[in-house]
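**Student:** Next up, final-v3.cif (mmCIF, C-alpha atoms and all ligand atoms; chains and numbers go by the auth columns).
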```cif
data_model
#
loop_
_atom_site.group_PDB
_atom_site.id
_atom_site.type_symbol
_atom_site.label_atom_id
_atom_site.label_comp_id
_atom_site.label_asym_id
_atom_site.label_seq_id
_atom_site.Cartn_x
_atom_site.Cartn_y
_atom_site.Cartn_z
_atom_site.B_iso_or_equiv
_atom_site.auth_seq_id
_atom_site.auth_asym_id
ATOM 1 C CA MET A 1 -2.281 11.946 -2.327 0.00 1 H
ATOM 2 C CA LYS A 2 -4.395 8.923 -3.193 0.00 2 H
ATOM 3 C CA LYS A 3 -4.120 5.734 -1.145 0.00 3 H
ATOM 4 C CA LEU A 4 -2.791 2.947 -3.349 0.00 4 H
ATOM 5 C CA VAL A 5 -2.662 -0.846 -3.279 0.00 5 H
ATOM 6 C CA ILE A 6 -0.377 -3.013 -5.373 0.00 6 H
ATOM 7 C CA GLY A 7 -0.257 -6.743 -6.091 0.00 7 H
ATOM 8 C CA SER A 8 1.349 -9.205 -8.471 0.00 8 H
ATOM 9 C CA ASP A 9 1.796 -12.872 -9.141 0.00 9 H
ATOM 10 C CA HIS A 10 5.241 -14.460 -9.426 0.00 10 H
ATOM 11 C CA ALA A 11 5.579 -13.276 -13.047 0.00 11 H
ATOM 12 C CA GLY A 12 5.105 -9.664 -11.965 0.00 12 H
ATOM 13 C CA PHE A 13 6.919 -9.843 -8.645 0.00 13 H
ATOM 14 C CA ALA A 14 10.220 -8.223 -9.659 0.00 14 H
ATOM 15 C CA LEU A 15 8.488 -5.296 -11.349 0.00 15 H
ATOM 16 C CA LYS A 16 6.078 -4.911 -8.406 0.00 16 H
ATOM 17 C CA GLU A 17 8.990 -4.566 -6.004 0.00 17 H
ATOM 18 C CA LYS A 18 10.589 -1.838 -8.143 0.00 18 H
ATOM 19 C CA ILE A 19 7.323 0.075 -8.640 0.00 19 H
ATOM 20 C CA LYS A 20 6.557 -0.223 -4.930 0.00 20 H
ATOM 21 C CA ALA A 21 9.938 1.256 -3.977 0.00 21 H
ATOM 22 C CA THR A 22 9.461 4.106 -6.457 0.00 22 H
ATOM 23 C CA LEU A 23 5.991 4.979 -5.150 0.00 23 H
ATOM 24 C CA ILE A 24 7.091 4.859 -1.509 0.00 24 H
ATOM 25 C CA GLU A 25 10.031 7.117 -2.366 0.00 25 H
ATOM 26 C CA LYS A 26 7.559 9.564 -3.904 0.00 26 H
ATOM 27 C CA GLY A 27 5.612 9.599 -0.631 0.00 27 H
ATOM 28 C CA TYR A 28 2.580 7.534 -1.582 0.00 28 H
ATOM 29 C CA GLU A 29 0.733 5.500 1.032 0.00 29 H
ATOM 30 C CA LEU A 30 0.804 2.045 -0.504 0.00 30 H
ATOM 31 C CA SER A 31 -0.256 -1.373 0.713 0.00 31 H
ATOM 32 C CA ASP A 32 1.260 -4.479 -0.840 0.00 32 H
ATOM 33 C CA ILE A 33 -1.055 -7.503 -0.870 0.00 33 H
ATOM 34 C CA GLY A 34 1.595 -9.835 -2.300 0.00 34 H
ATOM 35 C CA THR A 35 2.845 -12.030 -3.733 0.00 35 H
ATOM 36 C CA TYR A 36 6.064 -11.784 -1.769 0.00 36 H
ATOM 37 C CA SER A 37 8.418 -14.012 -3.754 0.00 37 H
ATOM 38 C CA THR A 38 8.970 -15.519 -7.196 0.00 38 H
ATOM 39 C CA GLU A 39 7.371 -18.786 -6.065 0.00 39 H
ATOM 40 C CA SER A 40 4.585 -19.705 -8.476 0.00 40 H
ATOM 41 C CA CYS A 41 1.102 -18.569 -7.403 0.00 41 H
ATOM 42 C CA ALA A 42 -2.342 -18.037 -8.936 0.00 42 H
ATOM 43 C CA TYR A 43 -3.070 -14.536 -10.231 0.00 43 H
ATOM 44 C CA PRO A 44 -6.874 -14.770 -9.698 0.00 44 H
ATOM 45 C CA ALA A 45 -6.420 -14.970 -5.917 0.00 45 H
ATOM 46 C CA ILE A 46 -4.154 -11.915 -5.902 0.00 46 H
ATOM 47 C CA ALA A 47 -6.542 -9.943 -8.109 0.00 47 H
ATOM 48 C CA HIS A 48 -9.430 -10.821 -5.796 0.00 48 H
ATOM 49 C CA GLU A 49 -7.563 -9.719 -2.689 0.00 49 H
ATOM 50 C CA LEU A 50 -6.617 -6.388 -4.252 0.00 50 H
ATOM 51 C CA CYS A 51 -10.184 -5.754 -5.429 0.00 51 H
ATOM 52 C CA ASP A 52 -11.421 -6.395 -1.887 0.00 52 H
ATOM 53 C CA VAL A 53 -9.124 -3.658 -0.602 0.00 53 H
ATOM 54 C CA ILE A 54 -10.561 -1.181 -3.096 0.00 54 H
ATOM 55 C CA THR A 55 -14.228 -2.111 -2.768 0.00 55 H
ATOM 56 C CA GLY A 56 -13.752 -2.097 1.025 0.00 56 H
ATOM 57 C CA GLY A 57 -12.644 1.539 0.787 0.00 57 H
ATOM 58 C CA LYS A 58 -9.124 0.946 2.104 0.00 58 H
ATOM 59 C CA ALA A 59 -7.484 2.243 -1.087 0.00 59 H
ATOM 60 C CA GLU A 60 -8.666 4.346 -4.002 0.00 60 H
ATOM 61 C CA LEU A 61 -6.563 2.983 -6.852 0.00 61 H
ATOM 62 C CA GLY A 62 -4.876 -0.373 -7.446 0.00 62 H
ATOM 63 C CA ILE A 63 -2.020 -1.697 -9.540 0.00 63 H
ATOM 64 C CA LEU A 64 -1.910 -5.343 -10.618 0.00 64 H
ATOM 65 C CA ILE A 65 1.063 -6.882 -12.397 0.00 65 H
ATOM 66 C CA CYS A 66 1.321 -10.364 -13.884 0.00 66 H
ATOM 67 C CA GLY A 67 3.121 -11.696 -16.944 0.00 67 H
ATOM 68 C CA THR A 68 0.906 -9.877 -19.425 0.00 68 H
ATOM 69 C CA GLY A 69 -1.543 -7.922 -17.250 0.00 69 H
ATOM 70 C CA VAL A 70 -4.376 -9.673 -19.088 0.00 70 H
ATOM 71 C CA GLY A 71 -5.245 -12.382 -16.555 0.00 71 H
ATOM 72 C CA MET A 72 -5.223 -9.868 -13.725 0.00 72 H
ATOM 73 C CA SER A 73 -7.535 -7.504 -15.622 0.00 73 H
ATOM 74 C CA MET A 74 -9.940 -10.316 -16.490 0.00 74 H
ATOM 75 C CA CYS A 75 -10.223 -11.312 -12.835 0.00 75 H
ATOM 76 C CA ALA A 76 -10.433 -7.769 -11.495 0.00 76 H
ATOM 77 C CA ASN A 77 -13.224 -6.847 -13.905 0.00 77 H
ATOM 78 C CA LYS A 78 -15.407 -9.656 -12.511 0.00 78 H
ATOM 79 C CA HIS A 79 -15.728 -7.607 -9.310 0.00 79 H
ATOM 80 C CA ASP A 80 -18.609 -5.221 -8.713 0.00 80 H
ATOM 81 C CA GLY A 81 -17.279 -1.658 -8.601 0.00 81 H
ATOM 82 C CA ILE A 82 -13.947 -2.471 -10.194 0.00 82 H
ATOM 83 C CA ARG A 83 -12.980 -1.012 -13.546 0.00 83 H
ATOM 84 C CA ALA A 84 -9.621 -2.475 -14.486 0.00 84 H
ATOM 85 C CA ALA A 85 -7.612 -1.412 -17.529 0.00 85 H
ATOM 86 C CA CYS A 86 -4.806 -3.507 -18.994 0.00 86 H
ATOM 87 C CA VAL A 87 -2.564 -1.017 -20.766 0.00 87 H
ATOM 88 C CA SER A 88 0.938 -0.731 -22.155 0.00 88 H
ATOM 89 C CA ASP A 89 0.898 2.885 -23.384 0.00 89 H
ATOM 90 C CA THR A 90 0.733 6.095 -21.379 0.00 90 H
ATOM 91 C CA PHE A 91 -2.050 7.616 -23.501 0.00 91 H
ATOM 92 C CA SER A 92 -4.397 4.772 -22.534 0.00 92 H
ATOM 93 C CA ALA A 93 -3.248 4.890 -18.899 0.00 93 H
ATOM 94 C CA ARG A 94 -4.286 8.556 -18.754 0.00 94 H
ATOM 95 C CA LEU A 95 -7.465 8.260 -20.830 0.00 95 H
ATOM 96 C CA THR A 96 -8.802 5.292 -18.889 0.00 96 H
ATOM 97 C CA ARG A 97 -8.832 7.512 -15.798 0.00 97 H
ATOM 98 C CA MET A 98 -10.360 10.486 -17.648 0.00 98 H
ATOM 99 C CA HIS A 99 -13.059 8.591 -19.535 0.00 99 H
ATOM 100 C CA ASN A 100 -13.624 5.226 -17.808 0.00 100 H
ATOM 101 C CA ASP A 101 -12.859 6.204 -14.203 0.00 101 H
ATOM 102 C CA ALA A 102 -10.708 3.071 -14.073 0.00 102 H
ATOM 103 C CA ASN A 103 -9.669 2.223 -10.528 0.00 103 H
ATOM 104 C CA VAL A 104 -7.235 -0.626 -11.255 0.00 104 H
ATOM 105 C CA LEU A 105 -4.249 -0.453 -13.598 0.00 105 H
ATOM 106 C CA CYS A 106 -2.918 -3.755 -14.955 0.00 106 H
ATOM 107 C CA PHE A 107 0.198 -4.401 -16.972 0.00 107 H
ATOM 108 C CA GLY A 108 2.649 -7.192 -17.655 0.00 108 H
ATOM 109 C CA GLU A 109 6.246 -7.571 -16.554 0.00 109 H
ATOM 110 C CA ARG A 110 6.804 -9.605 -19.726 0.00 110 H
ATOM 111 C CA VAL A 111 5.417 -6.733 -21.806 0.00 111 H
ATOM 112 C CA VAL A 112 6.668 -3.453 -20.360 0.00 112 H
ATOM 113 C CA GLY A 113 10.005 -2.460 -18.854 0.00 113 H
ATOM 114 C CA TYR A 114 10.502 -0.588 -15.589 0.00 114 H
ATOM 115 C CA GLY A 115 10.753 2.843 -17.227 0.00 115 H
ATOM 116 C CA LEU A 116 7.501 2.529 -19.148 0.00 116 H
ATOM 117 C CA ALA A 117 5.775 0.936 -16.148 0.00 117 H
ATOM 118 C CA CYS A 118 6.685 3.999 -14.051 0.00 118 H
ATOM 119 C CA GLU A 119 5.183 6.264 -16.702 0.00 119 H
ATOM 120 C CA LEU A 120 1.992 4.175 -16.856 0.00 120 H
ATOM 121 C CA VAL A 121 1.630 4.361 -13.079 0.00 121 H
ATOM 122 C CA GLU A 122 2.367 8.086 -12.954 0.00 122 H
ATOM 123 C CA ALA A 123 -0.178 8.837 -15.689 0.00 123 H
ATOM 124 C CA PHE A 124 -2.794 6.636 -14.025 0.00 124 H
ATOM 125 C CA ILE A 125 -2.510 7.931 -10.468 0.00 125 H
ATOM 126 C CA THR A 126 -2.190 11.631 -11.287 0.00 126 H
ATOM 127 C CA THR A 127 -5.120 11.846 -13.720 0.00 127 H
ATOM 128 C CA GLU A 128 -8.670 12.581 -12.562 0.00 128 H
ATOM 129 C CA PHE A 129 -11.964 11.312 -13.981 0.00 129 H
ATOM 130 C CA GLU A 130 -13.515 13.977 -16.216 0.00 130 H
ATOM 131 C CA GLY A 131 -17.131 13.159 -15.356 0.00 131 H
ATOM 132 C CA GLY A 132 -19.639 14.933 -17.596 0.00 132 H
ATOM 133 C CA ARG A 133 -20.710 12.813 -20.553 0.00 133 H
ATOM 134 C CA HIS A 134 -18.373 10.056 -19.379 0.00 134 H
ATOM 135 C CA ALA A 135 -20.239 9.682 -16.080 0.00 135 H
ATOM 136 C CA ALA A 136 -23.352 8.420 -17.857 0.00 136 H
ATOM 137 C CA ARG A 137 -21.261 5.787 -19.647 0.00 137 H
ATOM 138 C CA VAL A 138 -19.594 4.660 -16.443 0.00 138 H
ATOM 139 C CA ASP A 139 -23.101 4.378 -14.969 0.00 139 H
ATOM 140 C CA MET A 140 -23.876 2.038 -17.880 0.00 140 H
ATOM 141 C CA ILE A 141 -20.844 -0.109 -17.016 0.00 141 H
ATOM 142 C CA ASN A 142 -22.208 -0.327 -13.484 0.00 142 H
ATOM 143 C CA ALA A 143 -25.621 -1.272 -14.891 0.00 143 H
ATOM 144 C CA ILE A 144 -24.060 -4.138 -16.859 0.00 144 H
ATOM 145 C CA GLU A 145 -22.520 -5.409 -13.606 0.00 145 H
ATOM 146 C CA LYS A 146 -26.012 -5.516 -12.134 0.00 146 H
ATOM 147 C CA CYS A 147 -27.408 -7.186 -15.293 0.00 147 H
ATOM 148 C CA ASP A 148 -29.621 -4.131 -15.706 0.00 148 H
ATOM 149 C CA PHE A 149 -29.526 -4.202 -19.503 0.00 149 H
ATOM 150 C CA GLU A 150 -32.572 -1.922 -19.719 0.00 150 H
ATOM 151 C CA ALA A 151 -30.274 0.890 -18.597 0.00 151 H
ATOM 152 C CA LEU A 152 -28.323 0.516 -21.851 0.00 152 H
ATOM 153 C CA LYS A 153 -31.264 1.449 -24.062 0.00 153 H
HETATM 154 C C1 LIG B . 1.897 -16.815 -15.262 0.00 1 G
HETATM 155 O O1 LIG B . 2.750 -17.677 -15.940 0.00 1 G
HETATM 156 C C2 LIG B . 1.063 -16.031 -16.271 0.00 1 G
HETATM 157 O O2 LIG B . 0.122 -16.862 -16.859 0.00 1 G
HETATM 158 C C3 LIG B . 0.384 -14.856 -15.593 0.00 1 G
HETATM 159 O O3 LIG B . 1.339 -14.071 -14.974 0.00 1 G
HETATM 160 C C4 LIG B . -0.394 -13.911 -16.472 0.00 1 G
HETATM 161 O O4 LIG B . 0.377 -13.461 -17.539 0.00 1 G
HETATM 162 C C5 LIG B . -1.728 -14.317 -16.888 0.00 1 G
HETATM 163 O O5 LIG B . -2.453 -13.561 -17.552 0.00 1 G
#
```
Can you present the structure in this file as structure tokens?

**Tutor:**
Amino acid sequence: MKKLVIGSDHAGFALKEKIKATLIEKGYELSDIGTYSTESCAYPAIAHELCDVITGGKAELGILICGTGVGMSMCANKHDGIRAACVSDTFSARLTRMHNDANVLCFGERVVGYGLACELVEAFITTEFEGGRHAARVDMINAIEKCDFEALK
């Protein structure tokens, strides 16, 4: 089973707590980097902390929840080695693992309900990267991170 890390801001806190409980019940090893209450906090700091856990090798996949999922995904994607996908449908949650090798799933508590969120998480964490032709494209994403635009030609 993959090691997971989860985080949210205040707007995603309630959903984070429910998803966390569900994943622990399923037997996943999961670290929670906060936030730990509904007190207002800044999503960029949470996204950064979660990305550090992944790039530091302490977890393989991450889940970030805010109001919409958008702010979290913007922040996460600024990190070298992070491929974050903000999704609200299970098809995209699965395909972003298969084709983009996404390592962070983002969604919004103000967008999706608990049932759909569970399905997004399940699809994301149980799907493997397909590699093959997609590997070359993920390499190009990595090249963009390094400002190696020659690699895109
Ligand atoms: C917080 O109000 C909200 O801006 C945040 O959770 C998120 O939706 C940002 O993208």

**Student:** Just want the 12 Å neighbourhood of H:Cys147, counted on all atoms listed in the file, with same-chain residues fewer than 6 positions away dropped. Output as a PDB file with C-alpha atoms, in the frame of the given file.

**Tutor:**
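The new file result.pdb reads:
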```
ATOM      1  CA  ASP H  80     -18.609  -5.221  -8.713  1.00  0.00           C
ATOM      2  CA  MET H 140     -23.876   2.038 -17.880  1.00  0.00           C
ATOM      3  CA  ILE H 141     -20.844  -0.109 -17.016  1.00  0.00           C
TER       4      ILE H 141
END
```

**Student:** Could you give me the axis-aligned bounding box of ligand LIG 1 (chain G), with 5 Å of padding per side, as centre plus edge lengths in Å to one decimal, as lines of an AutoDock Vina configuration file?

**Tutor:**
```
center_x = 0.1
center_y = -15.6
center_z = -16.3
size_x = 15.2
size_y = 14.2
size_z = 12.6
```

**Student:** Which residues sit within 9 Å of ligand LIG 1 (chain G), counting only C-alpha atoms and all ligand atoms, listed as a PyMOL selection string?

**Tutor:** chain H and resi 8-12+40-44+65-74+108-110

**Student:** On this file, the PyMOL selection byres (((chain H and resi 112-115) around 10) and not hetatm) gives some set of residues; write that set as a PyMOL selection string.

**Tutor:** chain H and resi 14-16+18-19+67-69+87-89+107-111+116-120

**Student:** Check the smallest atom-to-atom distance from each of H:His99, H:His134, H:Lys78, H:Lys3 to H:Gly62 using all atoms listed in the file, then report the winner.

**Tutor:**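 For H:Gly62, the nearest of the given residues is H:Lys3.
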
**Student:** What gap, in Å, lies between atom CA of H:Ile63 and atom CA of H:Thr38?

**Tutor:** 17.8 Å

**Student:** With distances taken over all atoms listed in the file, which of H:Met98, H:Asn103, H:Arg83, H:Asn77 is nearest to H:Ile6?

**Tutor:**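 Checking each candidate against H:Ile6, we get H:Asn103 as the closest.
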
**Student:** Would you compute the distance between atom CA of H:Leu4 and atom CA of H:Arg133? Give it in Å to one decimal.

**Tutor:**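 It comes out at 26.7 Å.
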
**Student:** Applying the PyMOL selection byres (((chain H and resi 50) around 12) and not hetatm) to the file I just gave you, which residues come out? Please list them as a ChimeraX atom specification.

**Tutor:** /H:4-9,30-35,43-49,51-65,72-73,75-77,79,82,84,103-106

**Student:** Residues picked by the PyMOL selection byres (((chain H and resi 126) around 10) and not hetatm) here, as a PyMOL selection string?

**Tutor:** chain H and resi 1-2+94+97+121-125+127-128

**Student:** Generate a file of the selected residues that holds C-alpha atoms, formatted as a compact mmCIF listing (two decimals), in the coordinates of the input.

**Tutor:**
```txt
# COMPACT_ATOMS: atom_id res chain seq x y z
CA MET H 1 -2.28 11.95 -2.33
CA LYS H 2 -4.39 8.92 -3.19
CA ARG H 94 -4.29 8.56 -18.75
CA ARG H 97 -8.83 7.51 -15.80
CA VAL H 121 1.63 4.36 -13.08
CA GLU H 122 2.37 8.09 -12.95
CA ALA H 123 -0.18 8.84 -15.69
CA PHE H 124 -2.79 6.64 -14.02
CA ILE H 125 -2.51 7.93 -10.47
CA THR H 127 -5.12 11.85 -13.72
CA GLU H 128 -8.67 12.58 -12.56
```

**Student:** Between H:Glu29, H:Asp101, H:Glu17, H:Glu39, which has the minimum distance to H:Asp139 (counting only C-alpha atoms)?

**Tutor:**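 Of all the options, H:Asp101 lies closest to H:Asp139.
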
**Student:** May I ask for the distance between atom CA of H:Ala102 and atom CA of H:Phe129, given in Å to one decimal place?

**Tutor:**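 Spanning atom CA of H:Ala102 to atom CA of H:Phe129 is a straight-line distance of 8.3 Å.
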